[in-house]
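Everything below belongs to data_22.cif, which stores mmCIF, C-alpha atoms and all ligand atoms.
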```
data_target
loop_
_atom_site.label_atom_id
_atom_site.label_comp_id
_atom_site.auth_asym_id
_atom_site.auth_seq_id
_atom_site.Cartn_x
_atom_site.Cartn_y
_atom_site.Cartn_z
CA MET D 1 9.62 -12.65 12.26
CA ARG D 2 8.90 -9.59 14.40
CA ALA D 3 5.28 -8.74 15.22
CA LEU D 4 5.12 -4.95 14.89
CA LEU D 5 1.46 -4.52 15.77
CA ASP D 6 -1.25 -6.91 16.87
CA THR D 7 -4.72 -5.56 17.63
CA GLU D 8 -8.21 -6.79 16.83
CA GLU D 9 -8.23 -5.06 13.44
CA ILE D 10 -4.56 -4.85 12.48
CA ARG D 11 -1.73 -7.32 12.48
CA ILE D 12 1.62 -6.22 11.06
CA GLU D 13 4.62 -8.50 10.88
CA SER D 14 8.10 -7.87 9.57
CA TRP D 15 10.21 -10.52 7.89
CA LEU D 16 13.19 -8.19 7.43
CA SER D 17 15.82 -9.21 9.95
CA GLU D 18 17.53 -6.26 11.59
CA VAL D 19 20.97 -7.58 10.66
CA GLU D 20 20.27 -8.40 7.06
CA ASP D 21 17.64 -5.71 6.54
CA ARG D 22 16.87 -5.48 2.79
CA SER D 23 20.06 -7.31 1.86
CA LEU D 24 21.60 -3.93 1.03
CA ALA D 25 25.15 -4.88 2.08
CA ASN D 26 25.27 -7.97 -0.14
CA ASP D 27 23.56 -6.24 -3.05
CA VAL D 28 26.08 -3.39 -2.87
CA LEU D 29 28.95 -5.86 -2.61
CA ASP D 30 27.69 -7.74 -5.69
CA GLY D 31 26.53 -4.73 -7.64
CA LEU D 32 29.51 -2.43 -7.18
CA THR D 33 32.10 -5.10 -7.95
CA LYS D 34 30.53 -6.01 -11.33
CA PRO D 35 32.18 -4.79 -14.54
CA PHE D 36 28.98 -2.79 -15.15
CA LYS D 37 27.86 -1.39 -11.81
CA GLU D 38 24.28 -1.91 -10.69
CA ILE D 39 22.09 -1.61 -7.56
CA PRO D 40 18.61 -3.24 -7.43
CA PRO D 41 15.76 -0.68 -7.38
CA LYS D 42 14.21 -1.84 -4.10
CA HIS D 43 16.92 0.16 -2.28
CA LEU D 44 15.44 3.41 -3.61
CA TYR D 45 12.56 3.12 -1.12
CA ASP D 46 13.59 4.30 2.34
CA THR D 47 11.24 6.82 3.98
CA ARG D 48 12.58 9.66 1.82
CA GLY D 49 12.52 7.50 -1.32
CA SER D 50 8.87 6.54 -0.73
CA GLU D 51 8.01 10.25 -0.27
CA LEU D 52 9.82 11.15 -3.49
CA PHE D 53 8.03 8.35 -5.32
CA GLU D 54 4.69 9.78 -4.16
CA GLN D 55 5.76 13.18 -5.53
CA ILE D 56 6.68 11.51 -8.84
CA CYS D 57 3.17 10.04 -9.04
CA ALA D 58 1.73 13.58 -9.06
CA LEU D 59 4.09 14.98 -11.74
CA PRO D 60 2.56 16.06 -15.06
CA GLU D 61 5.09 13.97 -17.01
CA TYR D 62 4.54 10.77 -14.98
CA TYR D 63 1.42 9.45 -16.73
CA PRO D 64 1.34 5.85 -15.30
CA THR D 65 -0.22 6.67 -11.92
CA ARG D 66 -3.09 8.85 -13.10
CA THR D 67 -3.77 6.54 -16.04
CA GLU D 68 -3.88 3.40 -13.89
CA LEU D 69 -6.09 5.23 -11.36
CA SER D 70 -8.53 6.17 -14.14
CA ILE D 71 -8.68 2.59 -15.45
CA LEU D 72 -9.27 1.32 -11.93
CA THR D 73 -11.98 3.91 -11.27
CA ASP D 74 -13.79 2.85 -14.45
CA ARG D 75 -13.37 -0.87 -14.10
CA ALA D 76 -13.09 -1.74 -10.38
CA PRO D 77 -16.79 -2.67 -10.00
CA GLU D 78 -16.49 -5.02 -12.99
CA ILE D 79 -13.24 -6.53 -11.65
CA VAL D 80 -14.81 -7.10 -8.24
CA GLU D 81 -17.92 -8.64 -9.76
CA GLU D 82 -15.81 -10.88 -11.98
CA THR D 83 -13.63 -12.09 -9.10
CA GLY D 84 -16.08 -12.02 -6.17
CA ALA D 85 -13.07 -11.13 -4.03
CA THR D 86 -13.36 -10.75 -0.26
CA GLU D 87 -9.63 -10.15 0.22
CA LEU D 88 -7.15 -7.88 -1.53
CA VAL D 89 -3.45 -8.74 -1.26
CA GLU D 90 -1.27 -5.95 -2.64
CA LEU D 91 2.42 -6.52 -3.36
CA GLY D 92 4.48 -3.30 -3.26
CA SER D 93 1.47 -1.52 -1.80
CA GLY D 94 3.07 1.89 -1.21
CA ALA D 95 0.57 4.59 -0.25
CA ALA D 96 -2.37 2.24 -1.06
CA ASP D 97 -4.26 4.91 -3.05
CA LYS D 98 -5.11 2.39 -5.71
CA ALA D 99 -6.19 -0.17 -3.11
CA ARG D 100 -8.83 2.30 -1.92
CA ILE D 101 -10.55 2.15 -5.31
CA LEU D 102 -10.73 -1.64 -5.18
CA LEU D 103 -11.72 -1.67 -1.51
CA ASP D 104 -14.52 0.82 -2.29
CA ALA D 105 -15.83 -1.47 -5.01
CA MET D 106 -15.57 -4.51 -2.72
CA ALA D 107 -17.41 -2.62 0.04
CA ALA D 108 -20.12 -1.56 -2.44
CA ALA D 109 -20.51 -5.19 -3.55
CA GLY D 110 -20.75 -6.24 0.12
CA THR D 111 -17.80 -8.66 -0.12
CA LEU D 112 -15.00 -6.71 1.61
CA GLU D 113 -13.30 -8.53 4.52
CA SER D 114 -9.55 -8.06 4.48
CA TYR D 115 -6.58 -6.25 2.99
CA VAL D 116 -3.00 -7.51 3.01
CA PRO D 117 -0.49 -4.74 2.15
CA PHE D 118 3.01 -6.13 1.50
CA ASP D 119 5.92 -3.72 1.18
CA VAL D 120 9.61 -3.48 1.96
CA SER D 121 9.01 -0.09 3.53
CA GLU D 122 7.69 -0.48 7.09
CA HIS D 123 6.17 2.94 7.45
CA VAL D 124 4.03 2.72 4.30
CA VAL D 125 2.50 -0.55 5.56
CA ARG D 126 1.84 0.95 9.00
CA ASP D 127 0.34 4.17 7.64
CA ALA D 128 -1.90 2.32 5.18
CA ALA D 129 -3.11 -0.12 7.86
CA GLU D 130 -3.91 2.60 10.38
CA GLN D 131 -5.73 4.79 7.87
CA LEU D 132 -7.71 2.04 6.17
CA VAL D 133 -9.20 0.47 9.31
CA GLU D 134 -10.54 3.95 10.12
CA GLU D 135 -12.00 4.30 6.63
CA TYR D 136 -13.63 0.86 6.20
CA ASP D 137 -15.94 -0.55 8.85
CA GLY D 138 -15.00 -4.06 9.92
CA LEU D 139 -11.93 -4.24 7.66
CA HIS D 140 -9.15 -6.52 8.86
CA VAL D 141 -5.62 -5.54 7.77
CA HIS D 142 -2.76 -8.04 7.87
CA GLY D 143 0.32 -6.07 6.85
CA VAL D 144 3.55 -7.80 5.82
CA VAL D 145 6.84 -5.93 5.83
CA GLY D 146 9.20 -7.90 3.65
CA ASP D 147 11.01 -8.30 0.38
CA PHE D 148 8.63 -9.84 -2.14
CA GLU D 149 11.57 -11.47 -3.88
CA ARG D 150 12.41 -13.41 -0.72
CA HIS D 151 9.37 -13.49 1.53
CA LEU D 152 6.42 -14.05 -0.77
CA GLU D 153 5.50 -17.27 1.02
CA ARG D 154 4.84 -15.13 4.10
CA VAL D 155 1.62 -13.82 2.59
CA PRO D 156 -1.01 -15.31 4.94
CA PRO D 157 -2.84 -18.32 3.49
CA THR D 158 -6.17 -17.60 1.89
CA GLY D 159 -9.21 -17.99 4.13
CA GLY D 160 -10.92 -20.00 1.39
CA ASP D 161 -12.94 -17.20 -0.20
CA ALA D 162 -11.82 -15.60 -3.46
CA ARG D 163 -8.98 -13.14 -3.30
CA VAL D 164 -7.25 -10.79 -5.67
CA VAL D 165 -3.47 -10.49 -5.53
CA ALA D 166 -2.55 -7.12 -7.02
CA LEU D 167 0.79 -5.88 -8.30
CA LEU D 168 0.12 -2.39 -9.55
CA GLY D 169 1.97 0.68 -10.77
CA GLY D 170 4.06 -1.20 -13.33
CA THR D 171 6.29 -2.59 -10.54
CA ILE D 172 6.53 -5.91 -12.44
CA GLY D 173 8.54 -3.97 -15.05
CA ASN D 174 11.28 -3.33 -12.50
CA PHE D 175 12.36 -7.00 -12.72
CA PRO D 176 14.63 -8.20 -15.53
CA PRO D 177 12.67 -10.49 -17.92
CA GLY D 178 13.73 -13.93 -16.59
CA THR D 179 13.39 -12.88 -12.95
CA ARG D 180 10.00 -11.43 -13.84
CA ARG D 181 8.74 -14.80 -15.02
CA ARG D 182 10.23 -16.57 -11.98
CA PHE D 183 8.51 -14.02 -9.77
CA LEU D 184 5.15 -14.49 -11.52
CA ARG D 185 5.45 -18.23 -10.98
CA LYS D 186 5.89 -17.60 -7.24
CA VAL D 187 2.88 -15.29 -7.27
CA ARG D 188 0.92 -18.11 -8.94
CA ALA D 189 1.53 -20.21 -5.82
CA LEU D 190 -0.51 -17.64 -3.85
CA LEU D 191 -3.56 -18.21 -6.03
CA GLY D 192 -6.26 -20.80 -5.45
CA PRO D 193 -8.44 -21.88 -8.38
CA ASP D 194 -10.90 -18.99 -7.82
CA ASP D 195 -8.26 -16.33 -7.08
CA ARG D 196 -6.96 -13.82 -9.58
CA LEU D 197 -3.80 -11.82 -10.12
CA LEU D 198 -4.41 -8.16 -11.03
CA LEU D 199 -1.33 -6.84 -12.77
CA GLY D 200 -0.59 -3.23 -13.79
CA THR D 201 1.76 -2.80 -16.74
CA ASP D 202 2.98 0.31 -18.49
CA LEU D 203 2.66 -0.06 -22.27
CA VAL D 204 5.14 0.52 -25.11
CA LYS D 205 4.65 3.99 -26.61
CA ASP D 206 6.51 6.99 -28.06
CA PRO D 207 9.98 6.90 -26.41
CA ALA D 208 9.88 10.68 -25.88
CA VAL D 209 6.80 10.34 -23.66
CA ILE D 210 8.49 7.58 -21.63
CA GLU D 211 11.79 9.45 -21.29
CA ALA D 212 10.01 12.61 -20.07
CA ALA D 213 8.21 10.54 -17.43
CA TYR D 214 11.56 9.36 -16.05
CA ASP D 215 13.39 12.69 -16.36
CA ASP D 216 10.88 15.29 -15.21
CA SER D 217 11.42 19.03 -15.52
CA GLN D 218 11.31 19.60 -11.73
CA GLY D 219 14.11 17.12 -11.07
CA VAL D 220 12.10 14.98 -8.63
CA THR D 221 13.02 11.74 -10.40
CA ALA D 222 16.68 12.79 -10.37
CA GLU D 223 16.44 13.28 -6.59
CA PHE D 224 14.68 9.90 -6.23
CA ASN D 225 17.46 8.25 -8.23
CA ARG D 226 20.28 9.89 -6.22
CA ASN D 227 18.48 8.91 -3.01
CA VAL D 228 19.96 5.42 -3.34
CA LEU D 229 23.40 6.96 -2.71
CA HIS D 230 22.10 8.63 0.46
CA VAL D 231 20.72 5.23 1.54
CA ILE D 232 24.13 3.57 1.03
CA ASN D 233 25.92 6.44 2.83
CA ARG D 234 23.63 6.17 5.84
CA GLU D 235 23.19 2.39 6.06
CA LEU D 236 26.70 1.30 5.10
CA ASP D 237 28.77 4.25 6.31
CA ALA D 238 29.83 5.24 2.80
CA ASP D 239 31.02 8.60 1.45
CA PHE D 240 29.30 8.98 -1.92
CA ILE D 241 28.85 12.62 -2.94
CA PRO D 242 25.39 12.32 -4.54
CA ALA D 243 25.67 15.71 -6.28
CA ALA D 244 28.65 14.36 -8.24
CA PHE D 245 26.32 11.92 -10.03
CA GLU D 246 24.07 12.97 -12.88
CA HIS D 247 20.62 11.42 -13.33
CA ILE D 248 20.22 9.61 -16.67
CA ALA D 249 17.00 8.10 -18.07
CA PHE D 250 16.82 6.58 -21.54
CA PHE D 251 14.53 4.21 -23.39
CA ASP D 252 16.28 1.12 -24.76
CA ARG D 253 14.34 0.60 -28.01
CA GLN D 254 15.53 -2.96 -28.51
CA ARG D 255 14.65 -4.23 -25.04
CA GLU D 256 11.67 -1.88 -24.70
CA TRP D 257 12.54 -0.75 -21.20
CA VAL D 258 13.57 2.54 -19.69
CA GLU D 259 16.73 2.61 -17.56
CA MET D 260 17.69 4.95 -14.77
CA ARG D 261 21.39 5.38 -14.24
CA LEU D 262 23.68 7.62 -12.21
CA ARG D 263 26.67 8.95 -14.14
CA ALA D 264 29.83 10.06 -12.30
CA GLN D 265 30.60 13.58 -13.50
CA ARG D 266 34.23 13.31 -12.42
CA PRO D 267 36.47 10.47 -11.17
CA CYS D 268 35.17 9.39 -7.75
CA SER D 269 36.74 7.12 -5.16
CA VAL D 270 34.14 5.94 -2.68
CA MET D 271 34.76 4.09 0.60
CA ILE D 272 31.93 1.88 1.87
CA LYS D 273 33.18 1.25 5.39
CA ALA D 274 30.56 -1.25 6.61
CA ILE D 275 31.63 -3.77 3.98
CA GLY D 276 35.27 -2.65 3.69
CA LEU D 277 34.90 -1.89 -0.01
CA ARG D 278 36.58 0.90 -1.96
CA VAL D 279 34.94 1.58 -5.32
CA GLU D 280 36.40 3.67 -8.12
CA PHE D 281 34.23 5.45 -10.69
CA ALA D 282 35.88 6.81 -13.84
CA ALA D 283 34.56 10.14 -15.13
CA GLY D 284 31.41 9.31 -17.14
CA GLU D 285 31.04 5.83 -15.62
CA GLU D 286 27.44 4.81 -15.00
CA LEU D 287 25.67 2.89 -12.26
CA ARG D 288 22.32 1.34 -13.22
CA THR D 289 19.67 1.80 -10.53
CA GLU D 290 16.46 0.66 -12.25
CA ILE D 291 14.95 -0.83 -15.35
CA SER D 292 11.26 -0.30 -16.01
CA ALA D 293 9.98 -2.55 -18.77
CA LYS D 294 7.15 -1.50 -21.05
CA PHE D 295 4.66 -4.08 -22.29
CA THR D 296 2.36 -5.11 -25.09
CA ARG D 297 -0.61 -7.41 -24.59
CA ALA D 298 1.39 -10.20 -26.27
CA ARG D 299 4.31 -9.71 -23.84
CA VAL D 300 2.01 -9.89 -20.82
CA ALA D 301 0.28 -13.01 -22.19
CA ALA D 302 3.64 -14.70 -22.93
CA ASP D 303 4.95 -13.93 -19.42
CA PHE D 304 1.76 -15.33 -17.91
CA LYS D 305 2.00 -18.47 -20.00
CA ALA D 306 5.63 -19.02 -18.99
CA ALA D 307 4.58 -18.69 -15.34
CA GLY D 308 1.63 -21.11 -15.53
CA LEU D 309 -0.96 -18.34 -15.62
CA GLN D 310 -3.53 -17.34 -18.21
CA LEU D 311 -4.78 -13.96 -19.24
CA ALA D 312 -8.41 -13.62 -18.14
CA GLY D 313 -9.08 -9.90 -18.59
CA TRP D 314 -7.43 -6.85 -20.20
CA TYR D 315 -8.40 -3.29 -19.28
CA THR D 316 -6.78 -0.25 -20.79
CA ASP D 317 -7.31 3.51 -21.24
CA PRO D 318 -8.45 5.09 -24.54
CA ASP D 319 -4.86 6.11 -25.45
CA GLU D 320 -3.50 2.67 -24.52
CA LEU D 321 -0.84 4.13 -22.24
CA PHE D 322 -1.26 1.58 -19.45
CA ALA D 323 -3.03 -1.74 -18.92
CA LEU D 324 -4.45 -3.76 -16.09
CA SER D 325 -4.78 -7.46 -16.65
CA LEU D 326 -6.41 -10.25 -14.71
CA ALA D 327 -4.86 -13.69 -14.68
CA SER D 328 -5.87 -17.03 -13.24
CA ARG D 329 -3.93 -20.27 -12.79
CA ALA D 330 -3.65 -22.01 -16.13
CA ALA D 331 -5.65 -25.23 -16.31
N1 LIG D 401 1.71 0.13 -5.79
C1 LIG D 401 2.03 1.54 -5.62
C2 LIG D 401 3.51 1.79 -5.31
C3 LIG D 401 4.45 1.46 -6.43
S1 LIG D 401 6.11 1.95 -6.00
C4 LIG D 401 1.61 2.28 -6.85
O1 LIG D 401 1.20 1.64 -7.79
O2 LIG D 401 1.69 3.51 -6.87
C5 LIG D 401 6.82 0.38 -5.70
C6 LIG D 401 6.52 -0.08 -4.28
O3 LIG D 401 7.06 -1.38 -4.15
C7 LIG D 401 7.18 0.79 -3.22
O4 LIG D 401 6.26 1.06 -2.19
C8 LIG D 401 8.36 -0.04 -2.73
O5 LIG D 401 8.66 0.18 -1.36
C9 LIG D 401 7.85 -1.45 -2.98
N2 LIG D 401 8.93 -2.40 -3.27
C10 LIG D 401 9.95 -2.26 -4.15
N3 LIG D 401 10.72 -3.37 -4.16
C11 LIG D 401 10.16 -4.22 -3.26
C12 LIG D 401 10.50 -5.52 -2.80
N4 LIG D 401 11.56 -6.16 -3.28
N5 LIG D 401 9.70 -6.10 -1.86
C13 LIG D 401 8.61 -5.45 -1.36
N6 LIG D 401 8.25 -4.21 -1.74
C14 LIG D 401 9.01 -3.61 -2.69
C1 LIG D 402 7.59 1.65 -8.92
N1 LIG D 402 7.96 1.63 -10.32
C2 LIG D 402 6.96 0.91 -11.10
C3 LIG D 402 8.24 2.97 -10.87
C4 LIG D 402 8.48 2.85 -12.40
O1 LIG D 402 7.89 3.65 -13.13
O2 LIG D 402 9.22 1.95 -12.83
C5 LIG D 402 9.42 3.60 -10.19
C6 LIG D 402 9.89 4.87 -10.83
N2 LIG D 402 11.11 5.10 -11.26
C7 LIG D 402 11.19 6.30 -11.77
N3 LIG D 402 10.03 6.88 -11.69
C8 LIG D 402 9.19 6.01 -11.10
#
```
Any chance you could put this one into structure tokens?
Amino acid sequence: MRALLDTEEIRIESWLSEVEDRSLANDVLDGLTKPFKEIPPKHLYDTRGSELFEQICALPEYYPTRTELSILTDRAPEIVEETGATELVELGSGAADKARILLDAMAAAGTLESYVPFDVSEHVVRDAAEQLVEEYDGLHVHGVVGDFERHLERVPPTGGDARVVALLGGTIGNFPPGTRRRFLRKVRALLGPDDRLLLGTDLVKDPAVIEAAYDDSQGVTAEFNRNVLHVINRELDADFIPAAFEHIAFFDRQREWVEMRLRAQRPCSVMIKAIGLRVEFAAGEELRTEISAKFTRARVAADFKAAGLQLAGWYTDPDELFALSLASRAA
């Protein structure tokens, strides 16, 4: 562990070792030697990737962010009253815009004490911590820089009062279904009997609406997708030509998830020097960079049940585009 900042109001620690970093080298070694090539989506989020994601959130086609924000704005006071939370833990916290709505409601209810942003991207945790202690009197921020698939147990233990652990934005949909349930079970271990999980899930809807959200007319999502090749070039001394890869987004109707892929537009031979790996792409060959699962209430409830959780609240928008759910430990 490296302590990155330790003041009266802010503590930030990083659990990413400098050698191993986000496990990029091993993920690339695994993912680019598979018969169907794949890179896990967490590698999309370097500084540039986080900026591009924030631009995506403001795109007209990308409905999840504004819809989840509107549900939160309407329902945060109720959620805070229901949970009595004094602490908000946010996994994959990003720019923390959604946290502000919950923190406002906690401050209005007079319960707000602490915020724990957890993200793989160091600068988003730092920026959020520095801004939020300015905005909220007496707020204590304990930021954790880490990979929530590997470092979840590094979330500081609860102080005893009720807390909400939030996973917003539909990030849960970026896990494949079995891993998703395993992950939820690990999140369950962070909850005491009075704590709640607040989960944001994008809902199943017209595939055309979903596909437009992941293939916007300004090409921002395409740039975000290709950014993973820039990350590999920089971090692993590789020679991908990102412009040679076309951005693909399609909704898999059977699995009810959208996939992002990068398709080689011509044969490409790529050298990844840091791991001594040469990778060949045939013309038209695809590399999967993300899945983003879409949910129904029944799917959320079944995932909770499999993870030892129970659905305790369901909040959605009038068009049922997106849902927030509350879960507690199952009895
Ligand atoms: N919660 C925000 C951001 C969602 S984007 C919102 O709803 O808008 C997903 C966030 O999760 C990014 O900030 C990314 O850096 C972070 N993230 C992705 N994979 C992660 C991992 N394995 N561990 C920790 N953070 C991760
Ligand atoms: C962070 N995650 C929930 C986003 C999503 O919608 O799956 C990432 C994203 N990918 C393309 N656009 C946005």
Give me, as a tab-separated table, the closest atom pair and its distance (Å, one decimal) for every residue of chain D within a cut-off of 10 Å of ligand LIG 402 (chain D), counting only C-alpha atoms and all ligand atoms, rows sorted by chain and rising number.
```
residue	atom	partner	partner_atom	distance
D:Pro41	CA	D:LIG402	C5	8.1
D:Lys42	CA	D:LIG402	C1	8.9
D:Leu44	CA	D:LIG402	C5	8.9
D:Tyr45	CA	D:LIG402	C1	9.4
D:Ser50	CA	D:LIG402	C1	9.6
D:Leu52	CA	D:LIG402	C8	9.2
D:Phe53	CA	D:LIG402	C8	6.3
D:Glu54	CA	D:LIG402	C8	9.1
D:Gln55	CA	D:LIG402	C8	9.7
D:Ile56	CA	D:LIG402	N3	6.4
D:Cys57	CA	D:LIG402	C8	7.5
D:Tyr62	CA	D:LIG402	N3	7.5
D:Tyr63	CA	D:LIG402	O1	9.4
D:Pro64	CA	D:LIG402	O1	7.2
D:Thr65	CA	D:LIG402	O1	8.7
D:Gly92	CA	D:LIG402	C1	8.1
D:Ser93	CA	D:LIG402	C1	9.9
D:Gly94	CA	D:LIG402	C1	8.9
D:Leu167	CA	D:LIG402	C2	9.6
D:Leu168	CA	D:LIG402	C2	7.8
D:Gly169	CA	D:LIG402	C2	5.0
D:Gly170	CA	D:LIG402	C2	4.2
D:Thr171	CA	D:LIG402	C2	3.6
D:Ile172	CA	D:LIG402	C2	7.0
D:Gly173	CA	D:LIG402	O2	6.4
D:Asn174	CA	D:LIG402	O2	5.7
D:Phe175	CA	D:LIG402	O2	9.5
D:Gly200	CA	D:LIG402	C2	9.0
D:Thr201	CA	D:LIG402	C2	8.5
D:Asp202	CA	D:LIG402	O1	8.0
D:Ile210	CA	D:LIG402	O1	9.4
D:Ala213	CA	D:LIG402	N3	7.0
D:Tyr214	CA	D:LIG402	N3	5.2
D:Asp215	CA	D:LIG402	C7	8.2
D:Asp216	CA	D:LIG402	N3	9.2
D:Val220	CA	D:LIG402	N3	8.9
D:Thr221	CA	D:LIG402	N3	5.9
D:Ala222	CA	D:LIG402	C7	8.6
D:Phe224	CA	D:LIG402	C7	7.5
D:Asn225	CA	D:LIG402	C7	7.5
D:Ala249	CA	D:LIG402	C7	8.8
D:Trp257	CA	D:LIG402	O2	9.4
D:Val258	CA	D:LIG402	O2	8.1
D:Glu259	CA	D:LIG402	N2	8.8
D:Met260	CA	D:LIG402	C7	7.3
D:Thr289	CA	D:LIG402	N2	9.2
D:Glu290	CA	D:LIG402	N2	7.0
D:Ile291	CA	D:LIG402	O2	6.8
D:Ser292	CA	D:LIG402	O2	4.4
D:Ala293	CA	D:LIG402	O2	7.5
D:Lys294	CA	D:LIG402	O2	9.2
```
Selected residue of minimal separation from Phe250 in chain D among D:Leu203, D:Ala189, D:Ala95, D:Leu262, counting all atoms listed in the file: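 Among the listed residues, the smallest separation from Phe250 in chain D belongs to D:Leu262.
Counting from CA of Arg226 in chain D, the distance to CA of Pro242 in chain D is 5.9 Å.
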Pick from D:Gly146, D:Pro77, D:Gly138, D:Pro40 nearest to Pro117 in chain D, counting only C-alpha atoms: D:Gly146
Axis-aligned box over every listed atom of ligand LIG 401 (chain D), padded by 3 Å per side: centre and edges in Å to one decimal, as lines of an AutoDock Vina configuration file?
```
center_x = 6.4
center_y = -1.3
center_z = -4.6
size_x = 16.4
size_y = 15.7
size_z = 12.4
```
Residue among D:Ser70, D:Ser328, D:Ser114, D:Ser23 lying closest to Tyr136 in chain D, counting only C-alpha atoms: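 For Tyr136 in chain D, the nearest of the given residues is D:Ser114.
Minimum atom-to-atom distance to Ile232 in chain D, evaluated using only C-alpha atoms, belongs to D:Lys273 out of D:Arg261, D:Lys273, D:Arg100, D:Arg75.
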Nearby residues, (11.2, -9.6, 5.7) file frame, 12 Å, all atoms listed in the file, as a ChimeraX atom specification: /D:1-4,12-23,118-122,143-155
Filtering to C-alpha atoms, could you give me those residues as a PDB file, keeping the file's coordinate frame?
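In the end it all went to out-v5.pdb:
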```pdb
ATOM      1  CA  MET D   1       9.620 -12.650  12.260  1.00  0.00           C
ATOM      2  CA  ARG D   2       8.900  -9.590  14.400  1.00  0.00           C
ATOM      3  CA  ALA D   3       5.280  -8.740  15.220  1.00  0.00           C
ATOM      4  CA  LEU D   4       5.120  -4.950  14.890  1.00  0.00           C
ATOM      5  CA  ILE D  12       1.620  -6.220  11.060  1.00  0.00           C
ATOM      6  CA  GLU D  13       4.620  -8.500  10.880  1.00  0.00           C
ATOM      7  CA  SER D  14       8.100  -7.870   9.570  1.00  0.00           C
ATOM      8  CA  TRP D  15      10.210 -10.520   7.890  1.00  0.00           C
ATOM      9  CA  LEU D  16      13.190  -8.190   7.430  1.00  0.00           C
ATOM     10  CA  SER D  17      15.820  -9.210   9.950  1.00  0.00           C
ATOM     11  CA  GLU D  18      17.530  -6.260  11.590  1.00  0.00           C
ATOM     12  CA  VAL D  19      20.970  -7.580  10.660  1.00  0.00           C
ATOM     13  CA  GLU D  20      20.270  -8.400   7.060  1.00  0.00           C
ATOM     14  CA  ASP D  21      17.640  -5.710   6.540  1.00  0.00           C
ATOM     15  CA  ARG D  22      16.870  -5.480   2.790  1.00  0.00           C
ATOM     16  CA  SER D  23      20.060  -7.310   1.860  1.00  0.00           C
ATOM     17  CA  PHE D 118       3.010  -6.130   1.500  1.00  0.00           C
ATOM     18  CA  ASP D 119       5.920  -3.720   1.180  1.00  0.00           C
ATOM     19  CA  VAL D 120       9.610  -3.480   1.960  1.00  0.00           C
ATOM     20  CA  SER D 121       9.010  -0.090   3.530  1.00  0.00           C
ATOM     21  CA  GLU D 122       7.690  -0.480   7.090  1.00  0.00           C
ATOM     22  CA  GLY D 143       0.320  -6.070   6.850  1.00  0.00           C
ATOM     23  CA  VAL D 144       3.550  -7.800   5.820  1.00  0.00           C
ATOM     24  CA  VAL D 145       6.840  -5.930   5.830  1.00  0.00           C
ATOM     25  CA  GLY D 146       9.200  -7.900   3.650  1.00  0.00           C
ATOM     26  CA  ASP D 147      11.010  -8.300   0.380  1.00  0.00           C
ATOM     27  CA  PHE D 148       8.630  -9.840  -2.140  1.00  0.00           C
ATOM     28  CA  GLU D 149      11.570 -11.470  -3.880  1.00  0.00           C
ATOM     29  CA  ARG D 150      12.410 -13.410  -0.720  1.00  0.00           C
ATOM     30  CA  HIS D 151       9.370 -13.490   1.530  1.00  0.00           C
ATOM     31  CA  LEU D 152       6.420 -14.050  -0.770  1.00  0.00           C
ATOM     32  CA  GLU D 153       5.500 -17.270   1.020  1.00  0.00           C
ATOM     33  CA  ARG D 154       4.840 -15.130   4.100  1.00  0.00           C
ATOM     34  CA  VAL D 155       1.620 -13.820   2.590  1.00  0.00           C
TER      35      VAL D 155
END
```
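Compared by their closest atoms to ligand LIG 401 (chain D), and using all atoms listed in the file, the residues D:Glu9, D:Glu235, D:Glu90, D:Asp30 rank with D:Glu90 nearest.
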Near-range 300-317 of chain D list (6 Å; all atoms listed in the file; drop same-chain fewer than 6 positions) as a list of chain:residue names: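 So the residues in contact are D:Arg181, D:Leu184, D:Arg185, D:Ala323, D:Leu324, D:Ser325, D:Leu326, D:Ala327, D:Ser328, D:Arg329, D:Ala330.
With all atoms listed in the file as the atoms that count, the minimum distance from Asp97 in chain D to the choices D:Ala243, D:Ile275, D:Ala109, D:Ala128 is reached by D:Ala128.
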Computed interatomic separation between CA of Ala25 in chain D and CA of Ala238 in chain D (Å): 11.2 Å
Near-Gly159 in chain D list (10 Å; only C-alpha atoms; drop same-chain fewer than 2 positions) as a PyMOL selection string: chain D and resi 86-87+114+156-157+161-163
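Shell of Met106 in chain D at 7 Å, with all atoms listed in the file counted and residues fewer than 5 places along the chain excluded, is Val80, Thr111 and Leu112 of chain D.
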Point-to-point distance from atom C1 of ligand LIG 401 (chain D) to CA of Arg263 in chain D, Å rounded to tenths: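 The value is 27.1 Å.
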Polymer residues at most 10 Å from Val279 in chain D, all atoms listed in the file, same-chain spacing of 2 or more positions, as a list in words: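 So, after excluding close chain neighbours, the residues are Leu29, Leu32, Thr33, Phe240, Cys268, Ser269, Val270, Met271, Ile272, Gly276, Leu277 and Phe281 of chain D.
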